[in-house]
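J.: One structure is given below, represented as structure tokens, and several questions about it will come after.
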Amino acid sequence: VVNLLGISITVLFTLLLVFIIVPAIFGVSFGIRKVYMKTLLKIFQWATLRIERGAKEKNHPLYKPYVNGIIAKEPTSLEEEIKEIRRSGSGKALDTPEFELSDIFYFCRKGIETIMDDEVTKRFSAEELESWNLLSRTNYNFQYISLRLTVLWGLGVLIRYCFLLPLRIALAFTGISLLVTGTTVVGYLPNGRCKEFLSKHVHLMCYRICVRALTAIITYHDRENRPRNGGICVANHTSPIDVIILASDGYYAMVGQIHGGLMGVIQRAMVKACPHVWFERSEVRDRHLVAKRLTEHVQDKSKLPILIFPEGTCINNTSVMMFKKGSFEIGATVYPVAIKYDPQFGDAFWNSSKYGMVTYLLRMMTSWAIVCSVWYLPPMTRQPEEDAVQFANRVKSAIARQGGLVDLLWDGGLKREKVKDTFKEEQQKLYSKMIVGN
């Protein structure tokens, strides 16, 4: 038994080395993951057809009725809507600027509409699927259809937990170990082209191994627009693995808060080989200090582009929310990047309010795959007449348009915080202006 176990481990390690680790070092692929993805797609299609046929035979609803917004209406101003309410209620128009009791109905209706069709809160939960992806019962009112589907689901559980999970954990451990060891060794070399060359390839190699640990299938578009030294790369943020997705195709200086534990060990090793920008917890709150550190970095055109996620939190990949203006005040060239995940193979969104990091990574490593597309957009610079907020919104709109995402003005901080009083006061000011004038 011991000899058999030893032979099995040797064969597994050899296969990992030949088919995954060595190709990752040289940045090549044998196309195994793409064949795997196409096979999954055929299985999903068969399962979907079988489910639809079974649902039709049993005459029960299968999918949630999808509408793009529960309440559809033409955009109108507060004053116009209150005028309409007054006309329908008392026959009076807004001839004299005074309060009427019927005005209350406007705010009641607006509140109910907002509760029913909240475009913010639903961005912080997993994106709904139209069909079952054999990971969980994501269908509306899912019912037992056939023995073959149930057996297929059970077989999928065995494959994901008994084969893919151990394989992915081994790859992740290999990638992280090589990253810590490689960057620590490179950090002892004197500064120069040799150190920069080795650091770049150590980072790329380790990130590519980590990408394979997630069975990530990534399609990069317009690679001629990849970020260059002295610039800032900004992207929409769905998951912590966004960093791995981008860094496996480019060489970046990371920006972030200093952590403890395993993450702290990795950060300290990485900064020895590459000029990453790590902040203490107290420094992160000082916006001017952060801006100064970033400005000093981008002014040196020999330094790597900085990778930043201006939303500041993870959104469920259906929309792009407000970009914080700090990254756009520096005056550097901005390289926008749009990332769009395919949720039918696995949900990449990290709902940090619901799952811890360990639970999240376990969910990622027990999904079928992580499939996504990355678009490098042309570089953008701040126009003379633009302020930082306008520039940030222009970049955000370009990312949303390319990635097929909804462009929202709301702050992603609403994921954990209450709506700021300024939003409430804005409605009060509009009504007061209508009643008492300027």
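Labels used: A, B, ... for chains in the order of the structure tokens, numbers from 1 for residues in each chain, and numbers from 1 for ligands as shown.
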Which residues come within 8 Å of region 36-46 of chain A, counting only C-alpha atoms, excluding same-chain residues fewer than 3 positions away, as a JSON list (two decimals) with C-alpha atoms, in the first residue's frame?
T.:
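Output (selection.json):
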```
[["chain", "number", "residue", "atom", "x", "y", "z"],
["A", 32, "ILE", "CA", -6.38, 21.31, -22.00],
["A", 33, "ARG", "CA", -8.40, 23.95, -20.15],
["A", 49, "LEU", "CA", -32.58, 20.94, -22.32],
["A", 50, "ARG", "CA", -33.41, 17.99, -20.06],
["A", 132, "TRP", "CA", -28.50, 25.07, -13.58],
["A", 133, "ASN", "CA", -24.71, 24.83, -13.79],
["A", 134, "LEU", "CA", -24.54, 21.59, -11.73],
["A", 369, "ALA", "CA", -13.61, 26.93, -13.57]]
```
J.: Taking 3 positions as the minimum chain separation for residues in the same chain, which residues sit within 12 Å of Ile399 (chain A) when counting only C-alpha atoms? Answer as a ChimeraX atom specification.
T.: /A:233-237,310,317,319-323,334-340,374-380,392-396,402-408
J.: What parts of region 329-403 of chain A does DSSP call alpha helix (DSSP H)? I'd like the answer as an NGL selection string.
T.: :A and (357-365 or 388-403)
J.: For Ser353 (chain A), find every residue with an atom within 10 Å (counting only C-alpha atoms), except residues of its own chain fewer than 5 positions away, and show them as a VMD selection string.
T.: chain A and resid 124 to 125 415 to 416
J.: Which residues come within 6 Å of region 175-192 of chain A, counting only C-alpha atoms, excluding same-chain residues fewer than 4 positions away, as a JSON list (two decimals) with N, CA and C atoms, in the first residue's frame?
T.:
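Listed below is the output, selection-v6.json:
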```
[["chain", "number", "residue", "atom", "x", "y", "z"],
["A", 206, "CYS", "N", 4.82, 32.66, -11.03],
["A", 206, "CYS", "CA", 4.03, 32.27, -9.85],
["A", 206, "CYS", "C", 2.55, 32.62, -10.03],
["A", 209, "ILE", "N", 0.96, 30.06, -12.28],
["A", 209, "ILE", "CA", 0.67, 28.81, -11.57],
["A", 209, "ILE", "C", -0.59, 28.97, -10.74],
["A", 210, "CYS", "N", -0.74, 30.13, -10.07],
["A", 210, "CYS", "CA", -1.94, 30.38, -9.26],
["A", 210, "CYS", "C", -3.19, 30.45, -10.13],
["A", 266, "ILE", "N", 3.93, 37.20, 2.47],
["A", 266, "ILE", "CA", 3.99, 37.36, 1.01],
["A", 266, "ILE", "C", 4.33, 38.80, 0.64],
["A", 269, "ALA", "N", 7.99, 39.62, 1.28],
["A", 269, "ALA", "CA", 8.87, 38.97, 0.30],
["A", 269, "ALA", "C", 8.78, 39.68, -1.06],
["A", 270, "MET", "N", 7.58, 40.05, -1.47],
["A", 270, "MET", "CA", 7.40, 40.69, -2.77],
["A", 270, "MET", "C", 8.08, 42.04, -2.86],
["A", 272, "LYS", "N", 10.70, 43.07, -1.54],
["A", 272, "LYS", "CA", 12.16, 42.99, -1.66],
["A", 272, "LYS", "C", 12.61, 42.95, -3.11],
["A", 273, "ALA", "N", 11.77, 42.37, -3.97],
["A", 273, "ALA", "CA", 12.16, 42.20, -5.37],
["A", 273, "ALA", "C", 11.53, 43.23, -6.29]]
```
J.: To one decimal in Å, tell me the separation between CA of Gly54 (chain A) and CA of Thr150 (chain A).
T.: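 Calculated distance between CA of Gly54 (chain A) and CA of Thr150 (chain A) is 13.1 Å.
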J.: With distances taken over only C-alpha atoms, which residue among A:Ala247, A:Val277, A:Leu171, A:Leu152 lies nearest Leu204 (chain A)?
T.: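 Distance minimum relative to Leu204 (chain A) lands on A:Ala247.
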J.: Measure the distance from CA of Asp222 (chain A) to CA of Gln344 (chain A) in Å and round it to one decimal.
T.: 24.7 Å
J.: Where in region 208-293 of chain A does DSSP assign strand (DSSP E or B), given as a count of residues only?
T.: 18
J.: Could you check how far CA of Cys108 (chain A) sits from CA of Glu80 (chain A), in Å to one decimal?
T.: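 CA of Glu80 (chain A) lies 16.0 Å from CA of Cys108 (chain A).
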J.: Which residues come within 10 Å of region 288-298 of chain A, counting only C-alpha atoms, excluding same-chain residues fewer than 4 positions away, as a PDB file with N, CA, C and O atoms, in the first residue's frame?
T.:
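Generated output (selection_35.pdb):
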```
ATOM      1  N   ASN A 229       5.145  51.602 -18.005  1.00  0.00           N
ATOM      2  CA  ASN A 229       5.785  52.189 -16.832  1.00  0.00           C
ATOM      3  C   ASN A 229       5.398  53.662 -16.663  1.00  0.00           C
ATOM      4  O   ASN A 229       5.236  54.398 -17.642  1.00  0.00           O
ATOM      5  N   GLY A 230       5.272  54.067 -15.419  1.00  0.00           N
ATOM      6  CA  GLY A 230       4.939  55.456 -15.127  1.00  0.00           C
ATOM      7  C   GLY A 230       3.459  55.766 -15.203  1.00  0.00           C
ATOM      8  O   GLY A 230       3.064  56.925 -15.075  1.00  0.00           O
ATOM      9  N   GLY A 231       2.610  54.747 -15.408  1.00  0.00           N
ATOM     10  CA  GLY A 231       1.166  54.963 -15.509  1.00  0.00           C
ATOM     11  C   GLY A 231       0.416  54.281 -14.387  1.00  0.00           C
ATOM     12  O   GLY A 231       1.008  53.657 -13.498  1.00  0.00           O
ATOM     13  N   ILE A 232      -0.904  54.395 -14.430  1.00  0.00           N
ATOM     14  CA  ILE A 232      -1.777  53.773 -13.439  1.00  0.00           C
ATOM     15  C   ILE A 232      -2.782  52.900 -14.172  1.00  0.00           C
ATOM     16  O   ILE A 232      -3.467  53.368 -15.083  1.00  0.00           O
ATOM     17  N   ALA A 253       3.161  47.117 -10.107  1.00  0.00           N
ATOM     18  CA  ALA A 253       3.440  47.454  -8.716  1.00  0.00           C
ATOM     19  C   ALA A 253       2.100  47.482  -7.988  1.00  0.00           C
ATOM     20  O   ALA A 253       1.188  48.193  -8.392  1.00  0.00           O
ATOM     21  N   VAL A 255      -0.587  48.110  -4.873  1.00  0.00           N
ATOM     22  CA  VAL A 255      -0.857  49.105  -3.840  1.00  0.00           C
ATOM     23  C   VAL A 255      -1.816  48.485  -2.849  1.00  0.00           C
ATOM     24  O   VAL A 255      -2.833  47.900  -3.244  1.00  0.00           O
ATOM     25  N   PRO A 275       9.212  47.224  -6.435  1.00  0.00           N
ATOM     26  CA  PRO A 275       8.795  48.415  -5.676  1.00  0.00           C
ATOM     27  C   PRO A 275       7.285  48.520  -5.497  1.00  0.00           C
ATOM     28  O   PRO A 275       6.624  49.425  -6.029  1.00  0.00           O
ATOM     29  N   HIS A 276       6.692  47.585  -4.766  1.00  0.00           N
ATOM     30  CA  HIS A 276       5.275  47.688  -4.439  1.00  0.00           C
ATOM     31  C   HIS A 276       5.069  48.788  -3.401  1.00  0.00           C
ATOM     32  O   HIS A 276       6.009  49.185  -2.697  1.00  0.00           O
ATOM     33  N   VAL A 277       3.851  49.286  -3.306  1.00  0.00           N
ATOM     34  CA  VAL A 277       3.538  50.390  -2.397  1.00  0.00           C
ATOM     35  C   VAL A 277       2.597  49.869  -1.321  1.00  0.00           C
ATOM     36  O   VAL A 277       1.393  49.727  -1.552  1.00  0.00           O
ATOM     37  N   TRP A 278       3.156  49.560  -0.138  1.00  0.00           N
ATOM     38  CA  TRP A 278       2.343  49.082   0.969  1.00  0.00           C
ATOM     39  C   TRP A 278       2.194  50.184   2.014  1.00  0.00           C
ATOM     40  O   TRP A 278       3.139  50.905   2.309  1.00  0.00           O
ATOM     41  N   PHE A 279       0.993  50.296   2.587  1.00  0.00           N
ATOM     42  CA  PHE A 279       0.701  51.331   3.575  1.00  0.00           C
ATOM     43  C   PHE A 279       0.359  50.700   4.914  1.00  0.00           C
ATOM     44  O   PHE A 279      -0.266  49.637   4.981  1.00  0.00           O
ATOM     45  N   GLU A 283      -1.761  55.049   7.819  1.00  0.00           N
ATOM     46  CA  GLU A 283      -1.440  55.841   6.633  1.00  0.00           C
ATOM     47  C   GLU A 283      -2.554  55.803   5.605  1.00  0.00           C
ATOM     48  O   GLU A 283      -2.768  56.770   4.872  1.00  0.00           O
ATOM     49  N   VAL A 284      -3.275  54.672   5.523  1.00  0.00           N
ATOM     50  CA  VAL A 284      -4.328  54.518   4.527  1.00  0.00           C
ATOM     51  C   VAL A 284      -5.402  55.584   4.710  1.00  0.00           C
ATOM     52  O   VAL A 284      -5.989  56.079   3.746  1.00  0.00           O
ATOM     53  N   SER A 302      10.632  54.991 -14.931  1.00  0.00           N
ATOM     54  CA  SER A 302      11.248  53.660 -14.996  1.00  0.00           C
ATOM     55  C   SER A 302      10.531  52.663 -14.094  1.00  0.00           C
ATOM     56  O   SER A 302      10.794  51.461 -14.173  1.00  0.00           O
ATOM     57  N   LYS A 303       9.645  53.167 -13.227  1.00  0.00           N
ATOM     58  CA  LYS A 303       8.954  52.276 -12.299  1.00  0.00           C
ATOM     59  C   LYS A 303       7.717  51.662 -12.949  1.00  0.00           C
ATOM     60  O   LYS A 303       7.144  52.216 -13.884  1.00  0.00           O
ATOM     61  N   LEU A 304       7.303  50.543 -12.402  1.00  0.00           N
ATOM     62  CA  LEU A 304       6.196  49.766 -12.970  1.00  0.00           C
ATOM     63  C   LEU A 304       4.866  50.514 -12.844  1.00  0.00           C
ATOM     64  O   LEU A 304       4.696  51.347 -11.949  1.00  0.00           O
ATOM     65  N   PRO A 305       3.913  50.215 -13.732  1.00  0.00           N
ATOM     66  CA  PRO A 305       2.574  50.804 -13.579  1.00  0.00           C
ATOM     67  C   PRO A 305       1.915  50.314 -12.297  1.00  0.00           C
ATOM     68  O   PRO A 305       2.073  49.161 -11.898  1.00  0.00           O
ATOM     69  N   ILE A 306       1.172  51.202 -11.654  1.00  0.00           N
ATOM     70  CA  ILE A 306       0.482  50.865 -10.413  1.00  0.00           C
ATOM     71  C   ILE A 306      -0.874  50.259 -10.748  1.00  0.00           C
ATOM     72  O   ILE A 306      -1.603  50.763 -11.598  1.00  0.00           O
ATOM     73  N   GLY A 326      -9.160  59.736  -5.793  1.00  0.00           N
ATOM     74  CA  GLY A 326      -7.758  59.874  -5.421  1.00  0.00           C
ATOM     75  C   GLY A 326      -6.786  59.443  -6.505  1.00  0.00           C
ATOM     76  O   GLY A 326      -5.767  60.103  -6.734  1.00  0.00           O
ATOM     77  N   SER A 327      -7.090  58.347  -7.201  1.00  0.00           N
ATOM     78  CA  SER A 327      -6.188  57.834  -8.242  1.00  0.00           C
ATOM     79  C   SER A 327      -6.134  58.745  -9.455  1.00  0.00           C
ATOM     80  O   SER A 327      -5.192  58.657 -10.260  1.00  0.00           O
ATOM     81  N   PHE A 328      -7.124  59.619  -9.600  1.00  0.00           N
ATOM     82  CA  PHE A 328      -7.235  60.450 -10.798  1.00  0.00           C
ATOM     83  C   PHE A 328      -6.780  61.890 -10.545  1.00  0.00           C
ATOM     84  O   PHE A 328      -6.842  62.718 -11.440  1.00  0.00           O
ATOM     85  N   GLU A 329      -6.325  62.173  -9.313  1.00  0.00           N
ATOM     86  CA  GLU A 329      -5.805  63.493  -8.988  1.00  0.00           C
ATOM     87  C   GLU A 329      -4.313  63.604  -9.226  1.00  0.00           C
ATOM     88  O   GLU A 329      -3.744  64.694  -9.214  1.00  0.00           O
ATOM     89  N   ILE A 330      -3.671  62.469  -9.461  1.00  0.00           N
ATOM     90  CA  ILE A 330      -2.212  62.437  -9.531  1.00  0.00           C
ATOM     91  C   ILE A 330      -1.687  63.082 -10.813  1.00  0.00           C
ATOM     92  O   ILE A 330      -0.622  63.692 -10.823  1.00  0.00           O
ATOM     93  N   GLY A 331      -2.446  62.944 -11.895  1.00  0.00           N
ATOM     94  CA  GLY A 331      -2.008  63.528 -13.165  1.00  0.00           C
ATOM     95  C   GLY A 331      -1.263  62.567 -14.059  1.00  0.00           C
ATOM     96  O   GLY A 331      -0.698  62.982 -15.081  1.00  0.00           O
ATOM     97  N   ALA A 332      -1.239  61.286 -13.710  1.00  0.00           N
ATOM     98  CA  ALA A 332      -0.552  60.292 -14.531  1.00  0.00           C
ATOM     99  C   ALA A 332      -1.478  59.759 -15.623  1.00  0.00           C
ATOM    100  O   ALA A 332      -2.698  59.936 -15.573  1.00  0.00           O
ATOM    101  N   THR A 333      -0.872  59.106 -16.618  1.00  0.00           N
ATOM    102  CA  THR A 333      -1.661  58.444 -17.658  1.00  0.00           C
ATOM    103  C   THR A 333      -2.398  57.252 -17.059  1.00  0.00           C
ATOM    104  O   THR A 333      -1.812  56.455 -16.328  1.00  0.00           O
TER     105      THR A 333
END
```
